[in-house]
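Shown next: input_14.cif, given as mmCIF, C-alpha atoms.
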```cif
data_structure
loop_
_atom_site.label_atom_id
_atom_site.label_comp_id
_atom_site.auth_asym_id
_atom_site.auth_seq_id
_atom_site.Cartn_x
_atom_site.Cartn_y
_atom_site.Cartn_z
CA MET O 1 -11.78 -3.67 -25.45
CA GLU O 2 -8.03 -3.61 -26.04
CA TYR O 3 -7.69 -0.49 -23.88
CA LEU O 4 -8.96 -2.33 -20.80
CA GLU O 5 -6.84 -5.39 -21.56
CA ARG O 6 -3.75 -3.20 -21.78
CA LEU O 7 -4.81 -1.34 -18.64
CA GLU O 8 -4.97 -4.58 -16.65
CA LEU O 9 -1.70 -5.83 -18.12
CA TYR O 10 0.12 -2.69 -16.99
CA GLN O 11 -1.71 -2.72 -13.66
CA ASN O 12 -0.57 -6.28 -12.96
CA THR O 13 3.02 -5.24 -13.68
CA ILE O 14 2.70 -2.32 -11.26
CA ASN O 15 1.08 -4.52 -8.61
CA GLU O 16 4.06 -6.85 -8.73
CA LEU O 17 6.20 -3.92 -7.54
CA ARG O 18 4.08 -3.34 -4.45
CA PRO O 19 4.09 -2.52 -1.64
CA PHE O 20 5.34 1.03 -2.14
CA GLU O 21 6.76 2.19 1.17
CA GLY O 22 9.03 4.79 2.75
CA GLU O 23 10.93 7.07 0.39
CA MET O 24 9.52 5.34 -2.69
CA LEU O 25 5.95 6.04 -1.62
CA LYS O 26 6.84 9.66 -0.83
CA GLN O 27 8.37 10.15 -4.27
CA ILE O 28 5.29 8.75 -5.99
CA LYS O 29 2.92 10.94 -4.00
CA ASP O 30 5.06 14.05 -4.55
CA TYR O 31 5.34 13.37 -8.28
CA TYR O 32 1.58 13.19 -8.79
CA ARG O 33 0.94 16.00 -6.31
CA VAL O 34 2.76 18.37 -8.65
CA GLY O 35 1.42 16.77 -11.82
CA LEU O 36 -2.24 16.70 -10.82
CA THR O 37 -2.15 20.17 -9.28
CA TRP O 38 -0.53 21.71 -12.35
CA THR O 39 -2.64 19.94 -15.00
CA SER O 40 -5.96 20.40 -13.21
CA ASN O 41 -5.36 24.11 -12.61
CA ALA O 42 -3.95 24.69 -16.10
CA LEU O 43 -7.13 23.25 -17.62
CA GLU O 44 -8.99 26.09 -15.90
CA GLY O 45 -6.64 28.83 -17.11
CA ASN O 46 -4.13 28.99 -14.25
CA SER O 47 -0.95 30.65 -15.56
CA LEU O 48 1.65 28.74 -13.49
CA THR O 49 3.98 26.38 -15.31
CA GLU O 50 4.64 22.89 -14.01
CA SER O 51 8.05 23.91 -12.66
CA GLU O 52 6.58 27.01 -10.99
CA THR O 53 3.89 24.84 -9.41
CA LYS O 54 6.56 22.50 -8.06
CA VAL O 55 8.63 25.36 -6.56
CA LEU O 56 5.53 26.88 -4.98
CA ILE O 57 4.02 23.80 -3.35
CA GLU O 58 7.24 21.97 -2.47
CA ASP O 59 9.61 24.80 -1.59
CA GLY O 60 7.10 27.44 -0.52
CA LEU O 61 8.66 30.04 -2.79
CA THR O 62 6.30 32.58 -4.34
CA ILE O 63 6.43 33.22 -8.07
CA GLY O 64 6.98 36.76 -9.32
CA ASN O 65 4.59 38.35 -11.82
CA ARG O 66 1.90 35.74 -11.30
CA PRO O 67 -1.63 36.48 -10.02
CA LEU O 68 -2.13 35.83 -6.32
CA ARG O 69 -5.20 33.74 -7.13
CA ASP O 70 -3.12 31.43 -9.31
CA MET O 71 -0.73 30.81 -6.43
CA PHE O 72 -3.58 30.17 -3.98
CA GLU O 73 -5.08 27.70 -6.47
CA ALA O 74 -1.83 25.73 -6.56
CA ILE O 75 -1.16 25.77 -2.82
CA ASP O 76 -4.71 24.86 -1.89
CA HIS O 77 -5.20 22.26 -4.62
CA ALA O 78 -2.15 20.51 -3.16
CA LYS O 79 -3.92 20.50 0.22
CA SER O 80 -6.97 18.90 -1.39
CA TYR O 81 -4.68 16.34 -3.00
CA ASP O 82 -3.23 15.51 0.42
CA TYR O 83 -6.74 15.06 1.79
CA MET O 84 -7.53 12.75 -1.11
CA PHE O 85 -4.80 10.41 0.15
CA THR O 86 -6.35 10.29 3.62
CA LEU O 87 -9.28 8.52 1.91
CA LEU O 88 -7.01 5.87 0.43
CA GLY O 89 -8.03 3.04 2.74
CA ASN O 90 -11.75 3.82 2.92
CA LYS O 91 -13.01 2.69 -0.49
CA LYS O 92 -15.86 5.12 -0.04
CA ILE O 93 -16.59 8.77 -0.81
CA THR O 94 -19.16 10.74 1.17
CA GLU O 95 -20.80 14.13 0.82
CA LYS O 96 -18.58 15.30 3.67
CA ASP O 97 -15.52 14.40 1.59
CA ILE O 98 -16.85 16.28 -1.44
CA LEU O 99 -17.48 19.41 0.62
CA HIS O 100 -14.10 19.20 2.35
CA LEU O 101 -12.19 18.81 -0.91
CA HIS O 102 -13.83 21.98 -2.18
CA LYS O 103 -13.34 23.87 1.06
CA LEU O 104 -9.62 23.13 1.14
CA PHE O 105 -9.21 24.24 -2.46
CA TYR O 106 -11.46 27.32 -2.38
CA HIS O 107 -11.18 28.92 1.04
CA ASN O 108 -8.52 31.46 0.06
CA ILE O 109 -10.38 32.36 -3.13
CA ASP O 110 -13.90 32.93 -1.82
CA GLU O 111 -14.36 31.89 1.79
CA ASP O 112 -18.12 32.48 1.73
CA PHE O 113 -18.58 29.79 -0.94
CA ALA O 114 -15.82 27.38 0.15
CA GLY O 115 -17.30 23.98 0.92
CA ARG O 116 -20.82 25.27 0.30
CA TYR O 117 -23.19 24.55 -2.55
CA ARG O 118 -24.02 27.50 -4.72
CA ASP O 119 -27.22 29.46 -4.12
CA ILE O 120 -27.04 31.14 -7.50
CA PRO O 121 -27.81 29.85 -11.01
CA VAL O 122 -24.80 29.13 -13.23
CA PHE O 123 -24.22 27.85 -16.74
CA ILE O 124 -21.24 26.28 -18.51
CA SER O 125 -19.92 28.52 -21.25
CA GLY O 126 -20.11 26.80 -24.63
CA SER O 127 -22.40 24.01 -23.44
CA ASN O 128 -25.85 23.32 -24.85
CA TYR O 129 -26.97 21.62 -21.65
CA PRO O 130 -28.09 23.20 -18.37
CA VAL O 131 -26.61 22.20 -15.04
CA THR O 132 -28.67 21.34 -11.98
CA LYS O 133 -30.94 24.08 -10.65
CA LYS O 134 -29.74 25.45 -7.33
CA GLU O 135 -32.83 24.21 -5.50
CA ASN O 136 -32.17 20.64 -6.70
CA ILE O 137 -28.46 20.42 -5.86
CA GLN O 138 -28.83 18.77 -2.46
CA SER O 139 -31.20 16.14 -3.82
CA GLU O 140 -28.92 15.30 -6.75
CA ILE O 141 -25.83 15.14 -4.51
CA ASN O 142 -27.74 12.76 -2.26
CA ASP O 143 -28.54 10.60 -5.29
CA LEU O 144 -24.91 10.74 -6.43
CA CYS O 145 -23.62 9.63 -3.03
CA GLU O 146 -26.12 6.77 -2.98
CA TRP O 147 -24.98 5.76 -6.48
CA ILE O 148 -21.35 5.79 -5.31
CA LYS O 149 -22.25 3.59 -2.37
CA THR O 150 -24.44 1.05 -4.13
CA GLU O 151 -23.23 0.86 -7.75
CA ARG O 152 -19.46 1.09 -7.50
CA LYS O 153 -18.85 -2.65 -7.72
CA GLN O 154 -20.86 -2.87 -10.92
CA TYR O 155 -18.15 -1.12 -12.94
CA HIS O 156 -14.48 -1.44 -13.73
CA PRO O 157 -12.71 1.04 -11.38
CA VAL O 158 -11.51 3.32 -14.18
CA GLU O 159 -14.92 3.31 -15.84
CA PHE O 160 -16.53 4.14 -12.50
CA ALA O 161 -14.05 6.98 -11.93
CA ALA O 162 -14.92 8.47 -15.33
CA LEU O 163 -18.65 8.19 -14.70
CA LEU O 164 -18.32 9.84 -11.30
CA HIS O 165 -16.42 12.72 -12.90
CA LYS O 166 -19.15 13.12 -15.51
CA LYS O 167 -22.05 12.94 -13.09
CA PHE O 168 -20.48 15.45 -10.71
CA VAL O 169 -19.71 18.00 -13.43
CA PHE O 170 -23.25 17.75 -14.77
CA ILE O 171 -24.59 18.65 -11.31
CA HIS O 172 -22.07 21.52 -11.00
CA PRO O 173 -22.89 22.07 -7.32
CA PHE O 174 -20.35 24.81 -6.53
CA LYS O 175 -20.03 28.40 -7.66
CA ASP O 176 -16.54 27.62 -9.00
CA GLY O 177 -14.02 24.80 -8.81
CA ASN O 178 -16.35 22.04 -10.06
CA GLY O 179 -13.92 20.70 -12.64
CA ARG O 180 -11.09 20.47 -10.16
CA VAL O 181 -13.23 18.73 -7.55
CA ALA O 182 -14.50 16.34 -10.25
CA ARG O 183 -10.93 15.39 -11.14
CA LEU O 184 -10.03 14.98 -7.47
CA LEU O 185 -13.04 12.70 -6.96
CA MET O 186 -12.13 10.71 -10.06
CA ASN O 187 -8.60 10.25 -8.79
CA THR O 188 -9.79 9.38 -5.30
CA VAL O 189 -11.63 6.43 -6.82
CA LEU O 190 -8.55 5.43 -8.80
CA ILE O 191 -6.11 5.45 -5.89
CA GLN O 192 -8.62 3.71 -3.61
CA ASP O 193 -8.68 0.85 -6.11
CA GLY O 194 -4.91 0.73 -6.48
CA TYR O 195 -4.57 2.69 -9.71
CA LEU O 196 -2.40 5.69 -10.39
CA PRO O 197 -3.82 9.20 -10.67
CA ALA O 198 -4.98 10.02 -14.21
CA LEU O 199 -3.73 13.40 -15.45
CA ILE O 200 -5.33 15.47 -18.20
CA PRO O 201 -2.70 17.84 -19.63
CA PRO O 202 -3.85 21.26 -20.85
CA ILE O 203 -2.91 20.37 -24.44
CA LEU O 204 -5.92 18.00 -24.38
CA ARG O 205 -8.32 20.62 -23.01
CA SER O 206 -10.41 20.97 -26.19
CA GLU O 207 -10.83 17.22 -26.59
CA TYR O 208 -11.65 16.81 -22.90
CA ILE O 209 -14.33 19.50 -22.95
CA SER O 210 -15.77 18.24 -26.24
CA LEU O 211 -16.07 14.67 -24.93
CA LEU O 212 -17.71 15.85 -21.72
CA GLU O 213 -20.26 17.74 -23.78
CA LYS O 214 -20.92 14.67 -25.93
CA ALA O 215 -21.25 12.57 -22.76
CA HIS O 216 -24.72 14.05 -22.25
CA GLU O 217 -25.80 11.74 -25.09
CA ASP O 218 -23.07 9.08 -25.16
CA ASP O 219 -20.45 8.77 -22.42
CA SER O 220 -18.48 5.90 -24.00
CA PRO O 221 -15.92 8.19 -25.75
CA PHE O 222 -15.35 10.10 -22.50
CA ILE O 223 -14.81 6.85 -20.60
CA ASP O 224 -12.33 5.74 -23.27
CA PHE O 225 -10.54 9.08 -22.92
CA ILE O 226 -10.10 8.59 -19.17
CA VAL O 227 -8.94 5.00 -19.71
CA GLU O 228 -6.31 6.37 -22.11
CA ARG O 229 -5.18 8.93 -19.53
CA GLU O 230 -4.80 6.16 -16.95
CA LEU O 231 -2.83 4.12 -19.47
CA GLU O 232 -0.48 7.07 -19.96
CA SER O 233 0.02 7.35 -16.19
CA GLN O 234 0.86 3.66 -16.02
CA LYS O 235 3.32 3.89 -18.91
CA ASP O 236 5.01 6.98 -17.49
CA PHE O 237 5.31 5.32 -14.10
CA LEU O 238 6.90 2.16 -15.50
CA ARG O 239 9.30 4.23 -17.61
CA LEU O 240 10.32 6.24 -14.54
CA LEU O 241 11.31 2.95 -12.93
CA HIS O 242 13.08 1.81 -16.12
CA ILE O 243 10.74 -1.14 -16.51
CA SER O 244 9.89 -2.32 -20.01
CA LEU O 245 6.25 -2.10 -20.96
CA PRO O 246 4.60 -5.54 -21.09
CA ARG O 247 2.98 -6.56 -24.37
CA LEU O 248 -0.41 -8.06 -25.01
CA GLU O 249 -0.29 -11.62 -26.24
CA LYS O 250 -1.69 -12.04 -29.73
#
```
Starting from the file, lay out its structure as structure tokens.
Amino acid sequence: MEYLERLELYQNTINELRPFEGEMLKQIKDYYRVGLTWTSNALEGNSLTESETKVLIEDGLTIGNRPLRDMFEAIDHAKSYDYMFTLLGNKKITEKDILHLHKLFYHNIDEDFAGRYRDIPVFISGSNYPVTKKENIQSEINDLCEWIKTERKQYHPVEFAALLHKKFVFIHPFKDGNGRVARLLMNTVLIQDGYLPALIPPILRSEYISLLEKAHEDDSPFIDFIVERELESQKDFLRLLHISLPRLEK
């Protein structure tokens, strides 16, 4: 697959620039903190712009004429992002991590459901497939965590990140915030394996949702989509550093 070949070519170029330390590391983390928070929230209908998200989470300045919930979503998603980076050296993801990511993001929105699996039935609007029944959530999360632990090395890291995203969304264990936690989990895998966060801009929302729906029958196009998003992160990163993109040898 040319996508994966290009992915590894860019990754090798980025790895040659390591280690990222001090101010450089801070700039990278801050850049993706804004980018991931804005894109992930915007996919779910949050009204903040990217610049408003940056002002809110970096400068602590509230935004006029925006819903309070939208501001909480930005502030608290940034906290979940920070927690994601505490898992950088672990190369593992546990149920405790999943619950804590959700709790950090959701506690100002609905404290009763923050970091707790739903006890109500839900469905995904526009989907032809049901999500996990509430009485089966714990069992399926247990299976997911076991899969993470035992099968991770069987996949390319970006492929594994995409599959984890898919599997988590299909369980849909929380009352709300499942998509955002899925993208945080996906990006936790990526940064643990030395890759950059993969961002899904709101302009690609329809394609993203369509491919997730199709992934019930065939997840290859969704995996390719996530690989492409990682490629875009790599290209953007190298351009920011004014480094020419390497080319595949014919």
For this session: Give as a PyMOL selection string the residues that the PyMOL selection byres ((chain O and resi 4-11) around 12) matches when applied to the coordinates above.
Result: chain O and resi 1-3+12-18+156-159+190+193-196+223-239+243-250
Counting all atoms listed in the file, find residues at most 9 Å from (-6.0, 20.8, -1.6) (file frame) and give them as a PDB file with C-alpha atoms, keeping the file's coordinate frame.
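Okay, part-v8.pdb is ready:
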```pdb
ATOM      1  CA  THR O  37      -2.150  20.170  -9.280  1.00  0.00           C
ATOM      2  CA  GLU O  73      -5.080  27.700  -6.470  1.00  0.00           C
ATOM      3  CA  ALA O  74      -1.830  25.730  -6.560  1.00  0.00           C
ATOM      4  CA  ILE O  75      -1.160  25.770  -2.820  1.00  0.00           C
ATOM      5  CA  ASP O  76      -4.710  24.860  -1.890  1.00  0.00           C
ATOM      6  CA  HIS O  77      -5.200  22.260  -4.620  1.00  0.00           C
ATOM      7  CA  ALA O  78      -2.150  20.510  -3.160  1.00  0.00           C
ATOM      8  CA  LYS O  79      -3.920  20.500   0.220  1.00  0.00           C
ATOM      9  CA  SER O  80      -6.970  18.900  -1.390  1.00  0.00           C
ATOM     10  CA  TYR O  81      -4.680  16.340  -3.000  1.00  0.00           C
ATOM     11  CA  ASP O  82      -3.230  15.510   0.420  1.00  0.00           C
ATOM     12  CA  TYR O  83      -6.740  15.060   1.790  1.00  0.00           C
ATOM     13  CA  MET O  84      -7.530  12.750  -1.110  1.00  0.00           C
ATOM     14  CA  LEU O 101     -12.190  18.810  -0.910  1.00  0.00           C
ATOM     15  CA  HIS O 102     -13.830  21.980  -2.180  1.00  0.00           C
ATOM     16  CA  LYS O 103     -13.340  23.870   1.060  1.00  0.00           C
ATOM     17  CA  LEU O 104      -9.620  23.130   1.140  1.00  0.00           C
ATOM     18  CA  PHE O 105      -9.210  24.240  -2.460  1.00  0.00           C
ATOM     19  CA  TYR O 106     -11.460  27.320  -2.380  1.00  0.00           C
TER      20      TYR O 106
END
```
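Distance check against Ile148 (chain O) using only C-alpha atoms: of O:Glu95, O:Glu111, O:Glu135, O:Glu58, the minimum falls on O:Glu95.
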Problem set entry | Shell around Ala215 (chain O) at 12 Å using all atoms listed in the file, local window under 5 positions removed, as a PyMOL selection string | chain O and resi 127-129+162-163+165-167+169-170+208-210+220-225
For this session: Any chance you could resolve the PyMOL selection byres ((chain O and resi 132) around 9) against this file and give the residues as a PyMOL selection string?
Result: chain O and resi 121-122+130-131+133-137+140+170-173
Exercise. Residues picked by the PyMOL selection byres ((chain O and resi 87-94) around 10) here, as a ChimeraX atom specification?
Worked result: /O:82-86,95-100,141-142,144-146,148-149,152,185,188-194
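Take CA of Gln138 (chain O) and CA of Asp219 (chain O): the distance between them is 23.8 Å.
With CA of Leu204 (chain O) on one side and CA of Asp218 (chain O) on the other, the separation reads 19.3 Å.
The space separating CA of Asn108 (chain O) from CA of Asn187 (chain O) comes to 23.0 Å.
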Using all atoms of region 33-42 of chain O that appear in the file, construct an axis-aligned enclosing box with 8 Å of padding on every side and provide its centre coordinates and edge lengths in Å, rounded to one decimal, as AutoDock Vina command-line options.
```
--center_x -1.6 --center_y 20.3 --center_z -11.2 --size_x 24.7 --size_y 24.7 --size_z 25.8
```
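Distance annotation: of O:Gly179, O:Arg33, O:Tyr117, O:Asp70, the residue with the minimal separation from Arg205 (chain O) is O:Gly179; atom set is all atoms listed in the file.
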Problem set entry | Leu61 (chain O) environment, 12 Å, only C-alpha atoms, sequence neighbours closer than 6 positions dropped, as a list of chain:residue names | O:Ser51, O:Glu52, O:Thr53, O:Lys54, O:Val55, O:Met71, O:Ala74, O:Ile75
Exercise. Using all atoms listed in the file, which residues sit within 6 Å of Arg180 (chain O) once same-chain residues fewer than 3 positions away are excluded, as a PyMOL selection string?
Worked result: chain O and resi 40+177+183
Please output region 211-240 of chain O, rebuilt to include N, CA and C atoms, as a compact mmCIF listing (two decimals), in the coordinates of the input.
```
# COMPACT_ATOMS: atom_id res chain seq x y z
N LEU O 211 -15.57 16.00 -25.30
CA LEU O 211 -16.07 14.67 -24.93
C LEU O 211 -17.02 14.74 -23.75
N LEU O 212 -16.77 15.66 -22.82
CA LEU O 212 -17.71 15.85 -21.72
C LEU O 212 -19.05 16.35 -22.22
N GLU O 213 -19.01 17.24 -23.20
CA GLU O 213 -20.26 17.74 -23.78
C GLU O 213 -21.01 16.61 -24.48
N LYS O 214 -20.30 15.80 -25.23
CA LYS O 214 -20.92 14.67 -25.93
C LYS O 214 -21.45 13.62 -24.95
N ALA O 215 -20.86 13.59 -23.75
CA ALA O 215 -21.25 12.57 -22.76
C ALA O 215 -22.69 12.75 -22.28
N HIS O 216 -23.30 13.89 -22.56
CA HIS O 216 -24.72 14.05 -22.25
C HIS O 216 -25.56 13.06 -23.05
N GLU O 217 -25.08 12.68 -24.24
CA GLU O 217 -25.80 11.74 -25.09
C GLU O 217 -25.15 10.36 -25.13
N ASP O 218 -23.82 10.34 -25.09
CA ASP O 218 -23.07 9.08 -25.16
C ASP O 218 -21.77 9.25 -24.39
N ASP O 219 -21.64 8.57 -23.26
CA ASP O 219 -20.45 8.77 -22.42
C ASP O 219 -19.32 7.79 -22.73
N SER O 220 -19.52 6.89 -23.68
CA SER O 220 -18.48 5.90 -24.00
C SER O 220 -17.16 6.56 -24.44
N PRO O 221 -17.19 7.56 -25.35
CA PRO O 221 -15.92 8.19 -25.75
C PRO O 221 -15.21 8.88 -24.59
N PHE O 222 -15.97 9.46 -23.66
CA PHE O 222 -15.35 10.10 -22.50
C PHE O 222 -14.71 9.05 -21.60
N ILE O 223 -15.38 7.93 -21.40
CA ILE O 223 -14.81 6.85 -20.60
C ILE O 223 -13.52 6.35 -21.24
N ASP O 224 -13.54 6.17 -22.56
CA ASP O 224 -12.33 5.74 -23.27
C ASP O 224 -11.20 6.74 -23.09
N PHE O 225 -11.54 8.02 -23.11
CA PHE O 225 -10.54 9.08 -22.92
C PHE O 225 -9.87 8.95 -21.55
N ILE O 226 -10.66 8.73 -20.51
CA ILE O 226 -10.10 8.59 -19.17
C ILE O 226 -9.28 7.31 -19.06
N VAL O 227 -9.73 6.24 -19.70
CA VAL O 227 -8.94 5.00 -19.71
C VAL O 227 -7.57 5.28 -20.36
N GLU O 228 -7.57 6.03 -21.46
CA GLU O 228 -6.31 6.37 -22.11
C GLU O 228 -5.41 7.20 -21.21
N ARG O 229 -5.99 8.11 -20.45
CA ARG O 229 -5.18 8.93 -19.53
C ARG O 229 -4.60 8.07 -18.42
N GLU O 230 -5.34 7.08 -17.96
CA GLU O 230 -4.80 6.16 -16.95
C GLU O 230 -3.69 5.32 -17.55
N LEU O 231 -3.87 4.87 -18.79
CA LEU O 231 -2.83 4.12 -19.47
C LEU O 231 -1.54 4.93 -19.56
N GLU O 232 -1.66 6.22 -19.86
CA GLU O 232 -0.48 7.07 -19.96
C GLU O 232 0.21 7.21 -18.61
N SER O 233 -0.57 7.30 -17.54
CA SER O 233 0.02 7.35 -16.19
C SER O 233 0.79 6.07 -15.90
N GLN O 234 0.20 4.95 -16.25
CA GLN O 234 0.86 3.66 -16.02
C GLN O 234 2.16 3.56 -16.81
N LYS O 235 2.12 3.96 -18.08
CA LYS O 235 3.32 3.89 -18.91
C LYS O 235 4.41 4.81 -18.40
N ASP O 236 4.02 6.03 -18.02
CA ASP O 236 5.01 6.98 -17.49
C ASP O 236 5.64 6.44 -16.22
N PHE O 237 4.82 5.84 -15.37
CA PHE O 237 5.31 5.32 -14.10
C PHE O 237 6.32 4.20 -14.33
N LEU O 238 6.00 3.28 -15.23
CA LEU O 238 6.90 2.16 -15.50
C LEU O 238 8.20 2.66 -16.16
N ARG O 239 8.09 3.67 -17.00
CA ARG O 239 9.30 4.23 -17.61
C ARG O 239 10.18 4.91 -16.57
N LEU O 240 9.55 5.60 -15.61
CA LEU O 240 10.32 6.24 -14.54
C LEU O 240 11.15 5.22 -13.78
```
